[in-house]
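For reference, the structure discussed in these notes is given below.
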Amino acid sequence: MSIVTLCNGVNYDLSLIGSKAMNLSKMAILFDHIPDGFILTGEVFKAFLSINNIETTNNERIQSEILQGEFPDQMKRYILMNFEGLKSNTDTYAVAVRSSSALEDLRGASFAGQYETILNVRSEEELLHSIKRCWASYFSTYVQEYAKKNQISLSDVKMGVLVQGMVDADVAGVIFSMNPVTFNKQEIIINASYGLGESVVDGLVTPDLFVLNKESELIIKELGLKEIQVIPLETGMEKAEVPPSLQEVFCLEDEKIMALMDITKKIENYYQHPVDIEFAIKNDQLYILQVRPITTLKGEN
């Protein structure tokens with residue numbers, strides 16, 4: 001069964017594990033800040049489709065057929081064995097299940113943000129259903145229309161699924177290693193707020209804004225409203241109001257801002273290209289959750 005470990009320093013094949021998992025595998029070579037996890041390769045997806053006799057072309061019911069499909073016993077046992085191993089070897093009580101397509105970061109045609117991510121997955125039943133949700137999202141109407149518009153074939157399935165220990169973040173956010181508005185490559189932009197990073201990524205809050213100059217290390221700060229935070233429950237997620245005392249102060253102290261700047265510079269230097277990064281902080285420990293190169297820059301074709 002083609003399931004591989006995320007954090008063992010192996011440079012995997014993009015077509016097997018997808019760009020999200022591949023980028024994090026690369027980062028795991030450089031940093032200790034990547035939550036442990038495992039990856040279901042595209043071969044697992046193809047085997048599931050074959051065993052369930054699901055056609056990938058001209059099939060209007062493909063998403064429902066994937067969601068209703070059954071895992072063969074060996075595949076199911078192997079997935080759950082890795083799930084239990086992840087929980088027993090770490091402090092993980094819940095996992096994030098993330099789609100990882102090889103099509104996510106194509107130059108000029110990025111599918112980033114178009115596939116499923118399911119957070120706070122705790123039970124075996126939830127895990128198996130979440131994996132199928134990620135697979136089904138490869139064939140969503142939006143993805144199929146976007147692929148058709150950009151003349152990209154989806155018939156050769158290239159979708160991995162990343163199962164990763166979830167960080168119950170105190171603070172989380174996104175970083176751009178260049179200013180995405182002015183295209184100034186000397187500026188790092190950080191947007192951050194309380195709770196899980198979905199509040200920032202999905203635009204649910206007005207986050208704190210930090211503009212950092214790479215050379216002078218000058219920090220410009222703009223206080224956000226930080227109205228709500230997304231927090232995990234025993235089942236599902238909850239949007240909770242941020243106490244006024246926390247809304248009135250910045251969610252990141254200068255020491256953490258400088259640490260984020262340092263990591264961002266190292267990651268950008270590794271790629272030799274501007275990047276955007278998702279991060280989380282729990283109990284003062286910094287974690288990198290996602291990294292992707294910014295491939296569409298002003299003046300580039």
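Every chain in the structure tokens has a letter given in the order shown (A, B, ...), and although residue numbers restart at 1 in each chain, ligands are simply numbered from 1 in the order shown.
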
Item to check | Within 6 Å of segment 276-293 of chain A using only C-alpha atoms, minus same-chain residues under 4 positions, as a PyMOL selection string | outcome: chain A and resi 33-34+169-176

Can those selected residues be exported to a file as a PDB file, in the first residue's frame so that it contains N, CA, C and O atoms?
ATOM      1  N   HIS A  33       9.808  22.348  12.632  1.00  0.00           N
ATOM      2  CA  HIS A  33       8.557  23.033  12.937  1.00  0.00           C
ATOM      3  C   HIS A  33       7.374  22.463  12.160  1.00  0.00           C
ATOM      4  O   HIS A  33       6.345  23.103  12.051  1.00  0.00           O
ATOM      5  N   ILE A  34       7.519  21.258  11.572  1.00  0.00           N
ATOM      6  CA  ILE A  34       6.461  20.687  10.753  1.00  0.00           C
ATOM      7  C   ILE A  34       5.753  19.597  11.549  1.00  0.00           C
ATOM      8  O   ILE A  34       6.380  18.617  11.965  1.00  0.00           O
ATOM      9  N   ALA A 169      -4.158  25.978  17.637  1.00  0.00           N
ATOM     10  CA  ALA A 169      -3.352  27.193  17.704  1.00  0.00           C
ATOM     11  C   ALA A 169      -3.891  28.232  18.683  1.00  0.00           C
ATOM     12  O   ALA A 169      -5.099  28.454  18.777  1.00  0.00           O
ATOM     13  N   ASP A 170      -2.970  28.883  19.383  1.00  0.00           N
ATOM     14  CA  ASP A 170      -3.304  30.088  20.149  1.00  0.00           C
ATOM     15  C   ASP A 170      -3.385  31.279  19.199  1.00  0.00           C
ATOM     16  O   ASP A 170      -4.255  32.139  19.329  1.00  0.00           O
ATOM     17  N   VAL A 171      -2.453  31.305  18.254  1.00  0.00           N
ATOM     18  CA  VAL A 171      -2.383  32.360  17.223  1.00  0.00           C
ATOM     19  C   VAL A 171      -1.986  31.687  15.918  1.00  0.00           C
ATOM     20  O   VAL A 171      -1.190  30.741  15.919  1.00  0.00           O
ATOM     21  N   ALA A 172      -2.541  32.155  14.816  1.00  0.00           N
ATOM     22  CA  ALA A 172      -2.186  31.588  13.515  1.00  0.00           C
ATOM     23  C   ALA A 172      -2.370  32.649  12.446  1.00  0.00           C
ATOM     24  O   ALA A 172      -2.991  33.698  12.678  1.00  0.00           O
ATOM     25  N   GLY A 173      -1.827  32.357  11.260  1.00  0.00           N
ATOM     26  CA  GLY A 173      -1.992  33.325  10.186  1.00  0.00           C
ATOM     27  C   GLY A 173      -1.236  32.931   8.937  1.00  0.00           C
ATOM     28  O   GLY A 173      -0.839  31.773   8.761  1.00  0.00           O
ATOM     29  N   VAL A 174      -1.041  33.921   8.070  1.00  0.00           N
ATOM     30  CA  VAL A 174      -0.358  33.699   6.794  1.00  0.00           C
ATOM     31  C   VAL A 174       0.768  34.727   6.636  1.00  0.00           C
ATOM     32  O   VAL A 174       0.695  35.842   7.175  1.00  0.00           O
ATOM     33  N   ILE A 175       1.780  34.321   5.891  1.00  0.00           N
ATOM     34  CA  ILE A 175       2.942  35.177   5.617  1.00  0.00           C
ATOM     35  C   ILE A 175       3.183  35.209   4.119  1.00  0.00           C
ATOM     36  O   ILE A 175       3.134  34.171   3.455  1.00  0.00           O
ATOM     37  N   PHE A 176       3.460  36.389   3.598  1.00  0.00           N
ATOM     38  CA  PHE A 176       3.913  36.544   2.216  1.00  0.00           C
ATOM     39  C   PHE A 176       5.341  37.072   2.270  1.00  0.00           C
ATOM     40  O   PHE A 176       5.594  38.087   2.906  1.00  0.00           O
TER      41      PHE A 176
END

Item to check | 12 Å contact set for segment 242-248 of chain A, only C-alpha atoms, chain neighbours under 2 positions out, as a list of chain:residue names | outcome: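 The contact residues come out as A:Asp170, A:Val171, A:Ala192, A:Ser193, A:Tyr194, A:Gly195, A:Ser199, A:Val205, A:Thr206, A:Pro207, A:Asp208, A:Glu222, A:Leu223, A:Gly224, A:Leu225, A:Lys226, A:Glu227, A:Ile228, A:Gln229, A:Val230, A:Ile231, A:Lys239, A:Ala240, A:Phe250, A:Cys251, A:Leu252.
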
Checklist entry - Any idea what's packed within 6 Å of Met178 of chain A, counting only C-alpha atoms, ignoring anything in its chain fewer than 3 positions away? Could you give it as a list of chain:residue names? => result A:Asn184, A:Lys185, A:Glu187, A:Ile188

Item to check | All strand (DSSP E or B) positions in segment 40-250 of chain A, as a ChimeraX atom specification | outcome: /A:40,95-101,106,109,117-121,159-165,171-176,187-194,208-213,219-222,228-232,237-241

Checklist entry - Suppose you want the space between atom CA of Asn52 of chain A and atom CA of Leu67 of chain A; what is it in Å? => result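 Value for the atom CA of Asn52 of chain A-atom CA of Leu67 of chain A distance: 10.8 Å.
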
Item to check | Filtered DSSP result for segment 181-263 of chain A, state alpha helix (DSSP H), as a count of residues only | outcome: 18

Check which residues of segment 211-263 of chain A sit at most 12 Å from segment 121-137 of chain A using only C-alpha atoms, and return one row each with the closest pair of atoms and their distance in Å to one decimal, ordered by chain and rising number, as a tab-separated table.
residue	atom	partner	partner_atom	distance
A:Pro232	CA	A:Val121	CA	9.7
A:Leu233	CA	A:Val121	CA	10.4
A:Glu234	CA	A:Arg122	CA	8.4
A:Thr235	CA	A:Arg122	CA	8.1
A:Gly236	CA	A:Val121	CA	8.0
A:Met237	CA	A:Val121	CA	10.2

Got a sec: who's within 10 Å of Met22 of chain A, counting only C-alpha atoms, leaving out chain neighbours fewer than 2 positions off, as a compact mmCIF listing (two decimals) with N, CA, C and O atoms, in the first residue's frame?
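In the end it all went to around09.txt:
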# COMPACT_ATOMS: atom_id res chain seq x y z
N LEU A 6 5.43 11.77 6.15
CA LEU A 6 5.70 13.15 5.76
C LEU A 6 7.10 13.58 6.15
O LEU A 6 7.85 14.11 5.34
N VAL A 10 12.58 12.74 2.76
CA VAL A 10 12.61 12.20 1.40
C VAL A 10 11.97 13.19 0.44
O VAL A 10 10.92 13.75 0.72
N ASN A 11 12.62 13.39 -0.70
CA ASN A 11 12.07 14.27 -1.73
C ASN A 11 11.18 13.42 -2.65
O ASN A 11 11.66 12.76 -3.55
N TYR A 12 9.88 13.45 -2.40
CA TYR A 12 8.95 12.56 -3.10
C TYR A 12 8.60 13.09 -4.49
O TYR A 12 8.83 14.23 -4.83
N ASP A 13 7.98 12.21 -5.28
CA ASP A 13 7.52 12.52 -6.62
C ASP A 13 6.26 13.38 -6.53
O ASP A 13 5.27 12.98 -5.90
N LEU A 14 6.28 14.54 -7.16
CA LEU A 14 5.15 15.46 -7.13
C LEU A 14 3.87 14.78 -7.60
O LEU A 14 2.80 14.98 -7.01
N SER A 15 3.93 13.98 -8.66
CA SER A 15 2.72 13.38 -9.20
C SER A 15 2.10 12.38 -8.25
O SER A 15 0.91 12.08 -8.34
N LEU A 16 2.87 11.87 -7.29
CA LEU A 16 2.35 10.88 -6.34
C LEU A 16 1.73 11.52 -5.11
O LEU A 16 0.71 11.04 -4.61
N ILE A 17 2.33 12.59 -4.60
CA ILE A 17 1.86 13.12 -3.32
C ILE A 17 1.27 14.53 -3.43
O ILE A 17 0.66 15.01 -2.47
N GLY A 18 1.44 15.21 -4.56
CA GLY A 18 0.89 16.55 -4.72
C GLY A 18 1.79 17.62 -4.12
O GLY A 18 2.71 17.35 -3.34
N SER A 19 1.52 18.85 -4.49
CA SER A 19 2.44 19.93 -4.14
C SER A 19 2.42 20.29 -2.67
O SER A 19 3.45 20.62 -2.09
N LYS A 20 1.24 20.25 -2.03
CA LYS A 20 1.19 20.63 -0.61
C LYS A 20 2.06 19.71 0.23
O LYS A 20 2.89 20.15 1.05
N LEU A 24 5.87 20.48 2.08
CA LEU A 24 6.09 20.27 3.51
C LEU A 24 7.17 19.22 3.76
O LEU A 24 7.91 19.31 4.73
N SER A 25 7.25 18.22 2.88
CA SER A 25 8.32 17.23 3.01
C SER A 25 9.69 17.89 2.84
O SER A 25 10.65 17.55 3.54
N LYS A 26 9.77 18.82 1.90
CA LYS A 26 11.02 19.57 1.73
C LYS A 26 11.34 20.40 2.96
O LYS A 26 12.48 20.47 3.42
N MET A 27 10.31 21.05 3.52
CA MET A 27 10.53 21.89 4.69
C MET A 27 10.93 21.06 5.91
O MET A 27 11.68 21.52 6.78
N ALA A 28 10.45 19.81 5.96
CA ALA A 28 10.80 18.95 7.09
C ALA A 28 12.28 18.62 7.11
O ALA A 28 12.82 18.25 8.15
N ILE A 39 1.09 10.46 4.26
CA ILE A 39 0.51 10.85 2.97
C ILE A 39 -0.03 9.62 2.26
O ILE A 39 0.69 8.63 2.09
N SER A 100 -3.94 17.24 -1.50
CA SER A 100 -2.62 17.64 -1.99
C SER A 100 -2.50 17.23 -3.45
O SER A 100 -2.03 16.15 -3.78
N SER A 101 -2.95 18.12 -4.33
CA SER A 101 -2.96 17.83 -5.76
C SER A 101 -1.68 18.30 -6.43
O SER A 101 -1.11 19.33 -6.06
N ALA A 102 -1.25 17.55 -7.43
CA ALA A 102 -0.09 17.97 -8.23
C ALA A 102 -0.42 19.19 -9.09
O ALA A 102 0.48 19.82 -9.65
N GLY A 160 -2.78 13.46 -3.89
CA GLY A 160 -2.43 12.84 -2.63
C GLY A 160 -3.32 13.41 -1.53
O GLY A 160 -4.01 14.41 -1.72
N LEU A 162 -2.93 14.40 2.59
CA LEU A 162 -2.03 14.57 3.73
C LEU A 162 -2.83 14.51 5.03
O LEU A 162 -3.78 15.27 5.21
N VAL A 291 3.39 25.64 2.83
CA VAL A 291 4.30 26.51 2.08
C VAL A 291 4.01 26.32 0.60
O VAL A 291 3.86 25.19 0.13
N ARG A 292 3.93 27.40 -0.12
CA ARG A 292 3.80 27.28 -1.58
C ARG A 292 4.52 28.46 -2.23
O ARG A 292 4.46 29.59 -1.73

Checklist entry - With distances taken over only C-alpha atoms, which of A:Gly203, A:Gly69, A:Gly165, A:Gly197 is nearest to Phe38 of chain A? => result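 Of all the options, A:Gly165 lies closest to Phe38 of chain A.
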
Item to check | Best match for closeness to Lys46 of chain A among A:Phe71, A:Phe210, A:Phe183, A:Tyr142, counting only C-alpha atoms | outcome: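 Distance minimum relative to Lys46 of chain A lands on A:Phe71.
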
Item to check | From A:His273, A:Arg77, A:Lys87, A:Arg61, residue lying nearest Asp36 of chain A [only C-alpha atoms] | outcome: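 For Asp36 of chain A, the nearest of the given residues is A:Lys87.
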
Checklist entry - Just how far from atom CA of Ile3 of chain A is atom CA of Met81 of chain A, in Å to one decimal? => result 10.8 Å

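Between Glu60 of chain A and the residues A:Ala47, A:Val200, A:Gln144, A:Leu218, the shortest atom-to-atom distance, using only C-alpha atoms, involves A:Gln144.
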
Item to check | Distance of atom CA of Tyr138 of chain A from atom CA of Asn53 of chain A, expressed in Å to one decimal place | outcome: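 The value is 17.0 Å.
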
Item to check | Residue contacts of Asn213 of chain A (12 Å, only C-alpha atoms) excluding same-chain residues fewer than 6 positions away, as a list in words | outcome: Ser177, Met178, Asn179, Asn184, Lys185, Gln186, Glu187, Ile188, Ile189, Ile190, Ile219, Ile220, Lys221, Ile257, Met258, Met261, Asp262 and Lys265 of chain A

Convert the current residue selection to file output with C-alpha atoms, as a PDB file, in the first residue's frame.
ATOM      1  CA  SER A 177       7.642  36.831   1.616  1.00  0.00           C
ATOM      2  CA  MET A 178       6.940  39.755  -0.711  1.00  0.00           C
ATOM      3  CA  ASN A 179       4.272  42.443  -0.550  1.00  0.00           C
ATOM      4  CA  ASN A 184       7.923  44.960  -3.086  1.00  0.00           C
ATOM      5  CA  LYS A 185      10.259  41.994  -2.578  1.00  0.00           C
ATOM      6  CA  GLN A 186      11.991  43.682   0.363  1.00  0.00           C
ATOM      7  CA  GLU A 187       8.828  43.503   2.478  1.00  0.00           C
ATOM      8  CA  ILE A 188       7.372  40.537   4.357  1.00  0.00           C
ATOM      9  CA  ILE A 189       3.657  40.707   5.122  1.00  0.00           C
ATOM     10  CA  ILE A 190       2.168  38.859   8.114  1.00  0.00           C
ATOM     11  CA  ILE A 219       8.316  46.469  11.768  1.00  0.00           C
ATOM     12  CA  ILE A 220       5.189  48.461  10.886  1.00  0.00           C
ATOM     13  CA  LYS A 221       2.096  47.303  12.782  1.00  0.00           C
ATOM     14  CA  ILE A 257       7.548  38.425  14.589  1.00  0.00           C
ATOM     15  CA  MET A 258      11.322  38.324  14.211  1.00  0.00           C
ATOM     16  CA  MET A 261      10.836  36.796   9.575  1.00  0.00           C
ATOM     17  CA  ASP A 262      13.884  34.563  10.016  1.00  0.00           C
ATOM     18  CA  LYS A 265      13.810  34.350   4.725  1.00  0.00           C
TER      19      LYS A 265
END
